[in-house]
$ cat query_8.tsv   # TSV, C-alpha atoms and all ligand atoms
chain	number	residue	atom	x	y	z
V	1	MET	CA	-13.47	-8.88	38.53
V	2	ILE	CA	-14.57	-7.91	35.06
V	3	ARG	CA	-14.27	-4.25	34.13
V	4	ILE	CA	-14.46	-2.18	31.00
V	5	LEU	CA	-11.02	-0.89	30.06
V	6	GLU	CA	-10.37	2.83	30.16
V	7	LYS	CA	-10.64	4.44	26.76
V	8	ASN	CA	-6.94	5.18	26.39
V	9	ILE	CA	-5.97	1.56	27.13
V	10	ALA	CA	-8.64	0.25	24.76
V	11	ASP	CA	-7.33	2.65	22.09
V	12	LYS	CA	-3.79	1.36	22.44
V	13	ILE	CA	-4.91	-2.25	22.18
V	14	ALA	CA	-7.04	-1.57	19.13
V	15	ALA	CA	-4.17	0.37	17.55
V	16	GLY	CA	-1.95	-2.68	17.86
V	17	GLU	CA	-4.09	-4.57	15.36
V	18	VAL	CA	-3.48	-2.06	12.60
V	19	ILE	CA	-0.14	-0.52	13.54
V	20	ASP	CA	2.71	-2.79	14.49
V	21	ARG	CA	5.67	-0.99	12.93
V	22	PRO	CA	6.50	2.11	10.85
V	23	VAL	CA	5.70	0.43	7.56
V	24	SER	CA	2.09	-0.13	8.59
V	25	ILE	CA	1.66	3.60	9.26
V	26	ILE	CA	3.16	4.45	5.90
V	27	LYS	CA	0.89	2.01	4.15
V	28	GLU	CA	-2.20	3.55	5.76
V	29	LEU	CA	-1.11	7.14	5.05
V	30	LEU	CA	-0.24	6.35	1.45
V	31	GLU	CA	-3.59	4.65	0.98
V	32	ASN	CA	-5.35	7.72	2.36
V	33	SER	CA	-3.46	9.95	-0.09
V	34	LEU	CA	-4.38	7.66	-2.97
V	35	ASP	CA	-8.02	7.54	-1.89
V	36	ALA	CA	-7.87	11.36	-1.85
V	37	ASP	CA	-6.97	11.22	-5.58
V	38	ALA	CA	-3.53	12.71	-5.10
V	39	SER	CA	-1.35	12.82	-8.22
V	40	ASN	CA	1.80	13.66	-6.29
V	41	ILE	CA	2.86	12.08	-2.98
V	42	THR	CA	6.08	12.41	-1.01
V	43	VAL	CA	6.99	9.94	1.73
V	44	GLU	CA	9.81	10.88	4.09
V	45	ILE	CA	11.25	8.77	6.89
V	46	LYS	CA	14.02	9.06	9.45
V	47	ASN	CA	15.40	6.17	11.51
V	48	GLY	CA	13.36	3.63	9.57
V	49	GLY	CA	10.25	5.67	10.39
V	50	LYS	CA	10.60	5.10	14.11
V	51	SER	CA	11.27	8.75	14.95
V	52	TYR	CA	9.75	10.48	11.92
V	53	ILE	CA	7.33	9.78	9.09
V	54	ARG	CA	5.84	12.41	6.83
V	55	VAL	CA	3.44	11.86	3.95
V	56	THR	CA	2.54	14.88	1.85
V	57	ASP	CA	-0.10	14.78	-0.86
V	58	ASN	CA	-1.90	17.13	-3.24
V	59	GLY	CA	-5.20	15.29	-2.85
V	60	CYS	CA	-8.69	16.54	-1.96
V	61	GLY	CA	-7.84	17.53	1.62
V	62	ILE	CA	-10.15	17.38	4.61
V	63	ASP	CA	-12.70	20.06	5.39
V	64	GLY	CA	-11.48	22.13	8.37
V	65	GLN	CA	-14.63	21.43	10.39
V	66	GLN	CA	-14.10	17.70	9.96
V	67	ALA	CA	-10.39	17.43	10.45
V	68	GLU	CA	-10.57	16.45	14.10
V	69	LEU	CA	-13.29	13.91	13.37
V	70	ALA	CA	-10.93	12.04	11.03
V	71	PHE	CA	-9.04	10.84	14.13
V	72	MET	CA	-12.09	9.22	15.73
V	73	ARG	CA	-12.38	5.45	15.52
V	74	HIS	CA	-14.85	4.31	12.80
V	75	ALA	CA	-14.78	7.79	11.28
V	76	THR	CA	-14.69	7.43	7.51
V	77	SER	CA	-15.97	9.29	4.48
V	78	LYS	CA	-15.60	6.21	2.30
V	79	ILE	CA	-18.55	3.98	3.15
V	80	SER	CA	-21.85	4.70	4.81
V	81	SER	CA	-23.82	1.47	4.84
V	82	ALA	CA	-23.30	-2.26	5.31
V	83	GLU	CA	-24.15	-2.80	1.61
V	84	ASP	CA	-21.14	-0.68	0.67
V	85	LEU	CA	-18.95	-3.43	2.14
V	86	ASP	CA	-20.05	-5.77	-0.67
V	87	ALA	CA	-18.16	-3.82	-3.30
V	88	ILE	CA	-15.38	-1.62	-1.99
V	89	HIS	CA	-13.78	0.83	-4.39
V	90	THR	CA	-11.39	2.64	-2.03
V	91	LEU	CA	-8.28	1.39	-0.27
V	92	GLY	CA	-9.52	2.47	3.15
V	93	PHE	CA	-12.99	1.99	4.58
V	94	ARG	CA	-12.55	0.94	8.20
V	95	GLY	CA	-12.03	4.41	9.61
V	96	GLU	CA	-9.35	3.08	11.92
V	97	ALA	CA	-5.99	4.17	10.64
V	98	LEU	CA	-5.75	7.74	11.87
V	99	ALA	CA	-7.38	6.79	15.19
V	100	SER	CA	-4.85	4.00	15.66
V	101	ILE	CA	-1.84	6.04	14.59
V	102	CYS	CA	-2.63	8.94	16.92
V	103	ALA	CA	-3.14	6.55	19.85
V	104	VAL	CA	0.50	5.44	19.75
V	105	SER	CA	2.47	8.44	18.43
V	106	ARG	CA	2.61	12.24	18.10
V	107	VAL	CA	0.73	13.34	14.99
V	108	GLU	CA	0.44	16.62	13.17
V	109	LEU	CA	-2.11	16.97	10.37
V	110	ILE	CA	-2.13	19.93	8.02
V	111	THR	CA	-4.85	19.90	5.43
V	112	LYS	CA	-6.76	22.13	3.03
V	113	THR	CA	-9.49	21.53	0.49
V	114	ALA	CA	-9.45	23.46	-2.79
V	115	ASP	CA	-12.60	25.44	-1.98
V	116	SER	CA	-11.52	26.56	1.45
V	117	LYS	CA	-9.46	29.74	1.91
V	118	THR	CA	-7.45	28.55	4.87
V	119	GLY	CA	-6.22	25.18	5.97
V	120	ARG	CA	-6.39	23.45	9.31
V	121	LYS	CA	-3.70	22.16	11.62
V	122	ILE	CA	-4.36	19.50	14.22
V	123	VAL	CA	-1.79	18.28	16.72
V	124	ILE	CA	-2.73	15.11	18.54
V	125	GLU	CA	-0.61	12.95	20.83
V	126	GLY	CA	-1.71	9.70	22.43
V	127	SER	CA	-5.27	10.41	21.17
V	128	GLN	CA	-5.29	13.82	22.99
V	129	VAL	CA	-5.96	16.82	20.76
V	130	LEU	CA	-3.42	19.51	21.70
V	131	GLU	CA	-4.09	21.99	18.93
V	132	ASN	CA	-6.77	22.67	16.32
V	133	THR	CA	-6.09	25.93	14.51
V	134	ALA	CA	-6.45	27.65	11.14
V	135	ILE	CA	-3.28	27.77	9.08
V	136	GLY	CA	-2.22	28.91	5.63
V	137	CYS	CA	-1.08	25.94	3.49
V	138	PRO	CA	-1.32	24.50	-0.01
V	139	ASP	CA	-4.24	22.29	-1.10
V	140	GLY	CA	-3.82	18.71	0.07
V	141	THR	CA	-2.77	16.96	3.22
V	142	THR	CA	0.44	16.48	5.17
V	143	VAL	CA	0.56	14.02	8.04
V	144	THR	CA	3.65	13.91	10.24
V	145	VAL	CA	4.07	11.07	12.72
V	146	ARG	CA	6.79	11.30	15.33
V	147	ASP	CA	8.04	8.99	18.07
V	148	LEU	CA	6.12	5.84	17.27
V	149	PHE	CA	5.12	3.95	20.44
V	150	TYR	CA	6.52	6.70	22.71
V	151	ASN	CA	3.70	5.75	25.09
V	152	VAL	CA	3.86	1.96	24.63
V	153	PRO	CA	7.45	1.03	25.58
V	154	ALA	CA	6.73	-2.69	25.33
V	155	ARG	CA	5.97	-2.28	21.63
V	156	GLN	CA	8.85	0.05	20.99
V	157	LYS	CA	11.20	-2.70	22.15
V	158	PHE	CA	10.00	-5.00	19.41
V	159	LEU	CA	10.89	-2.66	16.59
V	160	SER	CA	13.91	-3.76	14.55
V	161	SER	CA	17.03	-1.81	13.65
V	162	ASP	CA	16.71	1.36	11.57
V	163	ASN	CA	18.04	-0.49	8.53
V	164	SER	CA	15.62	-3.31	8.78
V	165	GLU	CA	12.60	-1.02	9.34
V	166	THR	CA	13.81	1.06	6.38
V	167	ARG	CA	13.95	-2.05	4.18
V	168	ARG	CA	10.33	-2.86	4.99
V	169	VAL	CA	9.27	0.68	4.18
V	170	VAL	CA	11.16	0.74	0.88
V	171	ASP	CA	9.62	-2.59	-0.11
V	172	MET	CA	6.08	-1.45	0.70
V	173	VAL	CA	6.37	1.98	-0.95
V	174	SER	CA	7.91	0.29	-4.02
V	175	ARG	CA	4.98	-2.08	-4.35
V	176	ILE	CA	2.37	0.62	-3.92
V	177	SER	CA	4.20	2.90	-6.36
V	178	LEU	CA	4.06	0.14	-8.95
V	179	ALA	CA	0.37	-0.41	-8.37
V	180	TYR	CA	-0.24	3.33	-8.85
V	181	GLY	CA	1.91	3.98	-11.88
V	182	ASN	CA	0.07	7.16	-12.78
V	183	VAL	CA	0.78	8.81	-9.42
V	184	LYS	CA	4.15	10.48	-8.85
V	185	ILE	CA	5.59	8.97	-5.71
V	186	ASN	CA	8.77	10.17	-4.13
V	187	LEU	CA	10.46	8.26	-1.30
V	188	ILE	CA	13.06	10.02	0.83
V	189	ASN	CA	15.09	8.31	3.55
V	190	GLY	CA	16.86	10.87	5.72
V	191	GLU	CA	18.40	13.23	3.17
V	192	ARG	CA	18.51	10.71	0.35
V	193	THR	CA	15.96	10.13	-2.41
V	194	VAL	CA	15.43	6.37	-2.65
V	195	PHE	CA	13.33	6.64	-5.81
V	196	ALA	CA	10.96	8.97	-7.56
V	197	THR	CA	8.46	7.67	-10.08
V	198	ARG	CA	7.33	9.83	-12.96
V	199	GLY	CA	3.65	9.13	-12.67
V	200	ASN	CA	3.27	8.51	-16.39
V	201	GLY	CA	1.55	5.15	-15.96
V	202	ASN	CA	4.22	3.13	-17.72
V	203	ILE	CA	4.56	-0.09	-15.69
V	204	PHE	CA	7.86	-1.05	-17.27
V	205	ASN	CA	9.44	2.37	-16.66
V	206	ASN	CA	8.31	2.23	-13.08
V	207	ILE	CA	9.80	-1.23	-12.56
V	208	ILE	CA	13.14	0.03	-13.81
V	209	ASN	CA	12.86	3.23	-11.82
V	210	ILE	CA	12.19	1.35	-8.61
V	211	TYR	CA	13.98	-1.97	-8.98
V	212	GLY	CA	16.71	-1.09	-11.44
V	213	ASN	CA	17.76	-2.13	-14.95
V	214	ASN	CA	18.92	-5.55	-13.86
V	215	VAL	CA	15.45	-6.67	-12.90
V	216	GLY	CA	13.95	-5.04	-15.97
V	217	LYS	CA	16.08	-6.65	-18.63
V	218	ASP	CA	14.64	-10.19	-18.66
V	219	LEU	CA	10.96	-9.43	-18.26
V	220	LEU	CA	8.23	-10.63	-20.59
V	221	PRO	CA	4.94	-8.71	-20.91
V	222	VAL	CA	1.70	-10.33	-19.79
V	223	ASP	CA	-1.55	-9.06	-21.25
V	224	GLY	CA	-4.60	-11.27	-20.92
V	225	GLU	CA	-8.33	-10.85	-20.76
V	226	GLY	CA	-11.40	-13.02	-20.25
V	227	ARG	CA	-14.55	-13.57	-18.18
V	228	GLY	CA	-14.39	-10.07	-16.68
V	229	PHE	CA	-10.76	-10.50	-15.66
V	230	ILE	CA	-7.83	-8.51	-17.02
V	231	LEU	CA	-4.24	-9.44	-16.25
V	232	LYS	CA	-1.36	-7.10	-17.06
V	233	GLY	CA	2.24	-6.85	-16.02
V	234	PHE	CA	5.55	-8.62	-16.47
V	235	VAL	CA	7.08	-11.98	-15.56
V	236	SER	CA	10.67	-13.14	-15.77
V	237	ALA	CA	11.96	-15.47	-18.43
V	238	PRO	CA	12.66	-18.84	-16.72
V	239	SER	CA	16.38	-18.16	-17.15
V	240	ALA	CA	16.07	-15.03	-14.98
V	241	SER	CA	14.47	-16.59	-11.92
V	242	ALA	CA	15.22	-15.43	-8.37
V	243	PRO	CA	16.28	-17.24	-5.18
V	244	SER	CA	13.25	-15.95	-3.24
V	245	ARG	CA	9.72	-14.71	-3.77
V	246	ASN	CA	10.45	-11.14	-2.72
V	247	LYS	CA	10.07	-9.85	-6.25
V	248	GLN	CA	6.65	-11.36	-6.77
V	249	ILE	CA	4.24	-8.50	-6.62
V	250	PHE	CA	0.53	-9.01	-6.90
V	251	CYS	CA	-1.98	-6.29	-7.24
V	252	VAL	CA	-5.74	-6.84	-7.35
V	253	ASN	CA	-8.01	-3.95	-8.27
V	254	GLY	CA	-5.31	-1.48	-7.28
V	255	ARG	CA	-4.60	-3.16	-3.96
V	256	ILE	CA	-1.25	-4.78	-3.21
V	257	VAL	CA	-1.99	-8.19	-1.76
V	258	THR	CA	-0.32	-11.34	-0.62
V	259	SER	CA	-2.12	-14.21	-2.28
V	260	LYS	CA	-1.33	-17.91	-2.20
V	261	VAL	CA	-3.85	-18.38	-4.98
V	262	MET	CA	-2.05	-15.96	-7.31
V	263	GLU	CA	1.34	-17.31	-6.30
V	264	ASN	CA	0.18	-20.85	-7.09
V	265	GLY	CA	-1.19	-19.78	-10.47
V	266	LEU	CA	2.06	-18.02	-11.33
V	267	GLU	CA	4.34	-20.84	-10.22
V	268	ALA	CA	2.21	-23.52	-11.86
V	269	ALA	CA	2.94	-21.80	-15.17
V	270	TYR	CA	6.68	-22.33	-14.60
V	271	LYS	CA	6.31	-25.95	-13.58
V	272	GLU	CA	9.24	-27.99	-14.94
V	273	LYS	CA	10.90	-24.79	-16.17
V	274	LEU	CA	12.53	-23.87	-12.86
V	275	PHE	CA	14.83	-25.74	-10.54
V	276	HIS	CA	13.79	-26.39	-6.96
V	277	GLY	CA	14.46	-23.28	-4.85
V	278	ARG	CA	14.17	-20.85	-7.78
V	279	PHE	CA	11.18	-18.54	-8.16
V	280	PRO	CA	9.78	-16.44	-10.96
V	281	VAL	CA	9.99	-12.64	-10.71
V	282	ALA	CA	6.54	-11.25	-11.39
V	283	PHE	CA	4.72	-7.94	-11.37
V	284	LEU	CA	1.11	-8.91	-11.96
V	285	PHE	CA	-1.86	-6.58	-12.00
V	286	LEU	CA	-5.25	-8.25	-11.91
V	287	SER	CA	-8.49	-6.35	-12.47
V	288	MET	CA	-11.68	-8.22	-11.68
V	289	PRO	CA	-15.29	-7.53	-10.69
V	290	ALA	CA	-15.25	-6.09	-7.14
V	291	GLU	CA	-18.15	-8.31	-6.07
V	292	LYS	CA	-16.15	-11.49	-6.73
V	293	LEU	CA	-13.70	-10.44	-4.06
V	294	ASP	CA	-13.73	-9.84	-0.30
V	295	VAL	CA	-11.09	-7.41	0.93
V	296	ASN	CA	-12.45	-7.12	4.45
V	297	VAL	CA	-10.68	-10.22	5.73
V	298	HIS	CA	-7.99	-8.72	7.89
V	299	PRO	CA	-7.40	-5.29	9.52
V	300	THR	CA	-4.31	-4.62	7.42
V	301	LYS	CA	-6.30	-5.47	4.26
V	302	LYS	CA	-3.29	-7.27	2.79
V	303	GLU	CA	-5.18	-10.51	2.49
V	304	ILE	CA	-8.15	-10.95	0.24
V	305	ARG	CA	-10.56	-13.73	-0.49
V	306	PHE	CA	-11.73	-14.68	-3.96
V	307	ASP	CA	-15.20	-16.15	-4.45
V	308	ASP	CA	-13.63	-18.75	-6.71
V	309	ASP	CA	-9.95	-19.51	-6.04
V	310	PHE	CA	-9.69	-21.94	-8.91
V	311	GLU	CA	-10.98	-19.45	-11.45
V	312	VAL	CA	-8.29	-16.92	-10.46
V	313	GLU	CA	-5.47	-19.45	-10.20
V	314	ASP	CA	-6.32	-20.90	-13.58
V	315	PHE	CA	-6.65	-17.49	-15.24
V	316	ILE	CA	-3.18	-16.51	-14.06
V	317	LYS	CA	-1.62	-19.84	-14.89
V	318	SER	CA	-2.97	-19.97	-18.43
V	319	ASN	CA	-2.05	-16.37	-19.23
V	320	VAL	CA	1.48	-16.63	-17.86
V	321	ARG	CA	1.95	-20.01	-19.53
V	322	SER	CA	1.02	-18.63	-22.92
V	323	VAL	CA	3.63	-15.86	-22.45
V	324	LEU	CA	6.30	-18.43	-21.64
V	325	MET	CA	5.27	-20.62	-24.58
V	326	LYS	CA	5.43	-17.68	-26.94
V	327	LYS	CA	8.94	-17.00	-25.72
V	328	ASP	CA	9.92	-20.64	-26.28
V	329	ALA	CA	8.62	-20.33	-29.83
V	330	LEU	CA	11.07	-17.52	-30.61
V	331	PRO	CA	14.41	-19.19	-31.33
V	332	GLN	CA	16.40	-15.96	-31.59
V	333	ILE	CA	15.47	-14.96	-28.04
V	334	ARG	CA	16.09	-18.43	-26.67
V	335	SER	CA	19.56	-18.52	-28.14
V	336	GLU	CA	20.55	-15.51	-26.02
V	337	HIS	CA	20.51	-17.68	-22.90
O	401	LIG	P1	-10.39	5.28	6.24
O	401	LIG	O1	-9.28	5.52	5.27
O	401	LIG	O2	-10.63	3.82	6.49
O	401	LIG	O3	-11.64	6.03	5.90
O	401	LIG	P2	-8.69	6.71	8.11
O	401	LIG	O4	-8.63	6.70	9.59
O	401	LIG	O5	-7.48	6.28	7.36
O	401	LIG	O6	-9.93	5.83	7.69
O	401	LIG	O7	-9.07	8.18	7.63
O	401	LIG	C1	-10.29	8.77	8.13
O	401	LIG	C2	-10.85	9.79	7.14
O	401	LIG	O8	-9.98	10.92	7.08
O	401	LIG	C3	-10.94	9.28	5.72
O	401	LIG	O9	-12.17	8.58	5.48
O	401	LIG	C4	-10.86	10.59	4.91
O	401	LIG	O10	-12.13	11.20	4.84
O	401	LIG	C5	-9.97	11.46	5.78
O	401	LIG	N1	-8.56	11.47	5.30
O	401	LIG	C6	-7.52	10.81	5.86
O	401	LIG	N2	-6.37	11.05	5.19
O	401	LIG	C7	-6.69	11.87	4.16
O	401	LIG	C8	-5.93	12.50	3.09
O	401	LIG	N3	-4.62	12.29	2.94
O	401	LIG	N4	-6.61	13.29	2.22
O	401	LIG	C9	-7.95	13.51	2.37
O	401	LIG	N5	-8.69	12.95	3.34
O	401	LIG	C10	-8.09	12.14	4.23
O	402	MG	MG	-7.32	5.08	5.62

$ encode --input "query_8.tsv" --output "structure tokens" --more "lines below"
Ligand code: ADP
Ligand code: MG
Amino acid sequence: MIRILEKNIADKIAAGEVIDRPVSIIKELLENSLDADASNITVEIKNGGKSYIRVTDNGCGIDGQQAELAFMRHATSKISSAEDLDAIHTLGFRGEALASICAVSRVELITKTADSKTGRKIVIEGSQVLENTAIGCPDGTTVTVRDLFYNVPARQKFLSSDNSETRRVVDMVSRISLAYGNVKINLINGERTVFATRGNGNIFNNIINIYGNNVGKDLLPVDGEGRGFILKGFVSAPSASAPSRNKQIFCVNGRIVTSKVMENGLEAAYKEKLFHGRFPVAFLFLSMPAEKLDVNVHPTKKEIRFDDDFEVEDFIKSNVRSVLMKKDALPQIRSEH
């Protein structure tokens, strides 16, 4: 017999597409804070985010009347028509994150806009609104998420150890913090500050702040432009390669992405310069016309599609290659290695 699923079951299934572990919640909340033009964001986790996640921002806040609406599926202030999908300028646009998060956890939202006298507090658990009250609070938004998957035990079982969930969170927040170098981002794990960026927009300072001096010391600056594309960032000298790709960070129009096309372009530039099993370290920031790019490929928005893969791959390859060639041309630097 075919039947339409009850709303709360349908909600949990839909949530599973966007939220599979703590890091996906943190990514969505951080993106909301960035879309809200926050200049200061604090991310706190406990137990790898499984028991506790809090993201606090000083962004635009949500109007009190609308705060509850933000938790409805397909509720978004970021797009209003199908044409808007052709050129997306915000990180979010699907109106799914808060709906998904509150379906599978206990959420508290505290928010205030600058022109409202009081703020608003919403408590919502398993998509049920338990509280919606006025509250005094600073401008901006704080979302606290507790007990992820408390109502979906099957999913809870698949979460990894605290350490391993923490590693994923640190990696994600690091990447996003790099992409948003002019936003102060503070990551706290339990009682400990993992890192705090200064928000002064200096990519190199942020790399050192987040990844440490060791990663910073062998980086070469990339700065290329052409055909509406701009590429900025840093790549490692061939002598400072890494045993894996986990320090290859690609950012397209402010969005952290995984991209085979960009990876291929990068690695093609190192062809014959690296041994098998060694990979360049790279922090690459690509800006390009929004209409040459589709970000609505996957619910987590990590994957993107370029209109012309070859154009992007070639742009990255030629710009990185010229950086490496310039380095080769400088005998005094080469002799250091
Ligand atoms: P989306 O980001 O795709 O629009 P979300 O479910 O993540 O969907 O958020 C729904 C809406 O709630 C957003 O469109 C925005 O208007 C509002 N919102 C969520 N988080 C924040 C925040 N930190 N600051 C201001 N507004 C927010
Ligand atoms: Mg969002």

$ residues_around --input "query_8.tsv" --residues "segment 30-32 of chain V" --least-positions-apart "2" --cutoff "8 Å" --atoms "all atoms listed in the file" --output "PyMOL selection string"
chain V and resi 26-28+34-36+41+55+91-92

$ closest_residue --input "query_8.tsv" --among "V:Lys184, V:Arg305, V:His276, V:Lys317" --to "Leu231 of chain V" --atoms "all atoms listed in the file"
V:Lys317

$ closest_atom_pairs --input "query_8.tsv" --of "segment 138-164 of chain V" --to "segment 123-128 of chain V" --cutoff "12 Å" --atoms "all atoms listed in the file" --output "Markdown table"
| residue | atom | partner | partner_atom | distance |
| --- | --- | --- | --- | --- |
| V:Thr142 | CA | V:Val123 | CA | 11.9 |
| V:Val143 | CA | V:Val123 | CA | 10.0 |
| V:Thr144 | CA | V:Val123 | CA | 9.5 |
| V:Val145 | CA | V:Glu125 | CA | 9.6 |
| V:Arg146 | CA | V:Glu125 | CA | 9.4 |
| V:Asp147 | CA | V:Glu125 | CA | 9.9 |
| V:Leu148 | CA | V:Gly126 | CA | 10.1 |
| V:Phe149 | CA | V:Gly126 | CA | 9.1 |
| V:Tyr150 | CA | V:Gly126 | CA | 8.8 |
| V:Asn151 | CA | V:Gly126 | CA | 7.2 |
| V:Val152 | CA | V:Gly126 | CA | 9.8 |

$ write_last_selection --input "query_8.tsv" --atoms "C-alpha atoms" --output "mmCIF file, keeping the file's coordinate frame"
data_model
loop_
_atom_site.group_PDB
_atom_site.id
_atom_site.type_symbol
_atom_site.label_atom_id
_atom_site.label_comp_id
_atom_site.auth_asym_id
_atom_site.auth_seq_id
_atom_site.Cartn_x
_atom_site.Cartn_y
_atom_site.Cartn_z
ATOM 1 C CA THR V 142 0.440 16.480 5.170
ATOM 2 C CA VAL V 143 0.560 14.020 8.040
ATOM 3 C CA THR V 144 3.650 13.910 10.240
ATOM 4 C CA VAL V 145 4.070 11.070 12.720
ATOM 5 C CA ARG V 146 6.790 11.300 15.330
ATOM 6 C CA ASP V 147 8.040 8.990 18.070
ATOM 7 C CA LEU V 148 6.120 5.840 17.270
ATOM 8 C CA PHE V 149 5.120 3.950 20.440
ATOM 9 C CA TYR V 150 6.520 6.700 22.710
ATOM 10 C CA ASN V 151 3.700 5.750 25.090
ATOM 11 C CA VAL V 152 3.860 1.960 24.630
#

$ closest_residue --input "query_8.tsv" --among "V:Arg94, V:Lys260, V:Lys247, V:Lys121" --to "ligand MG 402 (chain O)" --atoms "only C-alpha atoms and all ligand atoms"
V:Arg94

$ closest_residue --input "query_8.tsv" --among "V:Val129, V:Ile256, V:Ala82, V:Ala15" --to "Leu69 of chain V" --atoms "all atoms listed in the file"
V:Val129

$ residues_near_ligand --input "query_8.tsv" --ligand "ligand LIG 401 (chain O)" --cutoff "9 Å" --atoms "only C-alpha atoms and all ligand atoms" --output "short mmCIF file (atom, residue, chain, number, x, y, z; two decimals) with C-alpha atoms, keeping the file's coordinate frame"
data_model
loop_
_atom_site.label_atom_id
_atom_site.label_comp_id
_atom_site.auth_asym_id
_atom_site.auth_seq_id
_atom_site.Cartn_x
_atom_site.Cartn_y
_atom_site.Cartn_z
CA GLU V 28 -2.20 3.55 5.76
CA LEU V 29 -1.11 7.14 5.05
CA LEU V 30 -0.24 6.35 1.45
CA GLU V 31 -3.59 4.65 0.98
CA ASN V 32 -5.35 7.72 2.36
CA SER V 33 -3.46 9.95 -0.09
CA LEU V 34 -4.38 7.66 -2.97
CA ASP V 35 -8.02 7.54 -1.89
CA ALA V 36 -7.87 11.36 -1.85
CA ASP V 37 -6.97 11.22 -5.58
CA ALA V 38 -3.53 12.71 -5.10
CA VAL V 55 3.44 11.86 3.95
CA THR V 56 2.54 14.88 1.85
CA ASP V 57 -0.10 14.78 -0.86
CA ASN V 58 -1.90 17.13 -3.24
CA GLY V 59 -5.20 15.29 -2.85
CA CYS V 60 -8.69 16.54 -1.96
CA GLY V 61 -7.84 17.53 1.62
CA ILE V 62 -10.15 17.38 4.61
CA ASP V 63 -12.70 20.06 5.39
CA GLN V 66 -14.10 17.70 9.96
CA ALA V 67 -10.39 17.43 10.45
CA GLU V 68 -10.57 16.45 14.10
CA LEU V 69 -13.29 13.91 13.37
CA ALA V 70 -10.93 12.04 11.03
CA PHE V 71 -9.04 10.84 14.13
CA MET V 72 -12.09 9.22 15.73
CA ARG V 73 -12.38 5.45 15.52
CA HIS V 74 -14.85 4.31 12.80
CA ALA V 75 -14.78 7.79 11.28
CA THR V 76 -14.69 7.43 7.51
CA SER V 77 -15.97 9.29 4.48
CA LYS V 78 -15.60 6.21 2.30
CA ILE V 79 -18.55 3.98 3.15
CA THR V 90 -11.39 2.64 -2.03
CA LEU V 91 -8.28 1.39 -0.27
CA GLY V 92 -9.52 2.47 3.15
CA PHE V 93 -12.99 1.99 4.58
CA ARG V 94 -12.55 0.94 8.20
CA GLY V 95 -12.03 4.41 9.61
CA GLU V 96 -9.35 3.08 11.92
CA ALA V 97 -5.99 4.17 10.64
CA LEU V 98 -5.75 7.74 11.87
CA ALA V 99 -7.38 6.79 15.19
CA SER V 100 -4.85 4.00 15.66
CA ILE V 101 -1.84 6.04 14.59
CA LEU V 109 -2.11 16.97 10.37
CA THR V 111 -4.85 19.90 5.43
CA LYS V 112 -6.76 22.13 3.03
CA THR V 113 -9.49 21.53 0.49
CA GLY V 140 -3.82 18.71 0.07
CA THR V 141 -2.77 16.96 3.22
CA THR V 142 0.44 16.48 5.17
CA VAL V 143 0.56 14.02 8.04
#

$ atom_distance --input "query_8.tsv" --atom1 "atom CA of Ile19 of chain V" --atom2 "atom CA of Gln248 of chain V"
24.0 Å

$ closest_residue --input "query_8.tsv" --among "V:Asp314, V:Asp307, V:Asp171, V:Glu44" --to "Gly226 of chain V" --atoms "all atoms listed in the file"
V:Asp314

$ residues_around --input "query_8.tsv" --residues "Glu267 of chain V" --least-positions-apart "4" --cutoff "10 Å" --atoms "only C-alpha atoms" --output "list in words"
Met262, Glu263, Lys271, Glu272, Lys273, Leu274, Phe279, Pro280, Val281, Ala282, Glu313, Ile316, Lys317, Val320 and Arg321 of chain V

$ write_last_selection --input "query_8.tsv" --atoms "C-alpha atoms" --output "tab-separated table (two decimals), keeping the file's coordinate frame"
chain	number	residue	atom	x	y	z
V	262	MET	CA	-2.05	-15.96	-7.31
V	263	GLU	CA	1.34	-17.31	-6.30
V	271	LYS	CA	6.31	-25.95	-13.58
V	272	GLU	CA	9.24	-27.99	-14.94
V	273	LYS	CA	10.90	-24.79	-16.17
V	274	LEU	CA	12.53	-23.87	-12.86
V	279	PHE	CA	11.18	-18.54	-8.16
V	280	PRO	CA	9.78	-16.44	-10.96
V	281	VAL	CA	9.99	-12.64	-10.71
V	282	ALA	CA	6.54	-11.25	-11.39
V	313	GLU	CA	-5.47	-19.45	-10.20
V	316	ILE	CA	-3.18	-16.51	-14.06
V	317	LYS	CA	-1.62	-19.84	-14.89
V	320	VAL	CA	1.48	-16.63	-17.86
V	321	ARG	CA	1.95	-20.01	-19.53

$ closest_residue --input "query_8.tsv" --among "V:Ser24, V:Arg120, V:Ser51, V:Ile176" --to "ligand MG 402 (chain O)" --atoms "all atoms listed in the file"
V:Ser24

$ atom_distance --input "query_8.tsv" --atom1 "atom CA of Ile185 of chain V" --atom2 "atom CA of Val18 of chain V"
23.2 Å

$ residues_around --input "query_8.tsv" --residues "Lys232 of chain V" --least-positions-apart "6" --cutoff "8 Å" --atoms "all atoms listed in the file" --output "list in words"
Pro221, Val222, Asp223, Gly224, Leu284, Phe285 and Leu286 of chain V

$ atom_distance --input "query_8.tsv" --atom1 "atom CA of Val43 of chain V" --atom2 "atom CA of Val169 of chain V"
9.8 Å

$ closest_residue --input "query_8.tsv" --among "V:Gln65, V:Glu311, V:Ala114, V:Val235" --to "Val261 of chain V" --atoms "only C-alpha atoms"
V:Glu311

$ residues_around --input "query_8.tsv" --residues "Met325 of chain V" --least-positions-apart "2" --cutoff "12 Å" --atoms "only C-alpha atoms" --output "PyMOL selection string"
chain V and resi 220+222+237-238+269-270+273+317-323+327-331+334

$ axis_aligned_box --input "query_8.tsv" --around "segment 105-112 of chain V" --padding-each-side "5 Å" --output "AutoDock Vina command-line options"
--center_x -2.1 --center_y 15.3 --center_z 10.7 --size_x 19.4 --size_y 23.7 --size_z 25.4

$ decode --input "query_8.tsv" --residues "segment 313-317 of chain V" --atoms "C-alpha atoms" --output "tab-separated table (two decimals), in the first residue's frame"
chain	number	residue	atom	x	y	z
V	313	GLU	CA	41.66	24.04	-15.39
V	314	ASP	CA	43.87	25.83	-17.88
V	315	PHE	CA	43.62	29.17	-16.07
V	316	ILE	CA	44.77	27.57	-12.82
V	317	LYS	CA	47.48	25.51	-14.45
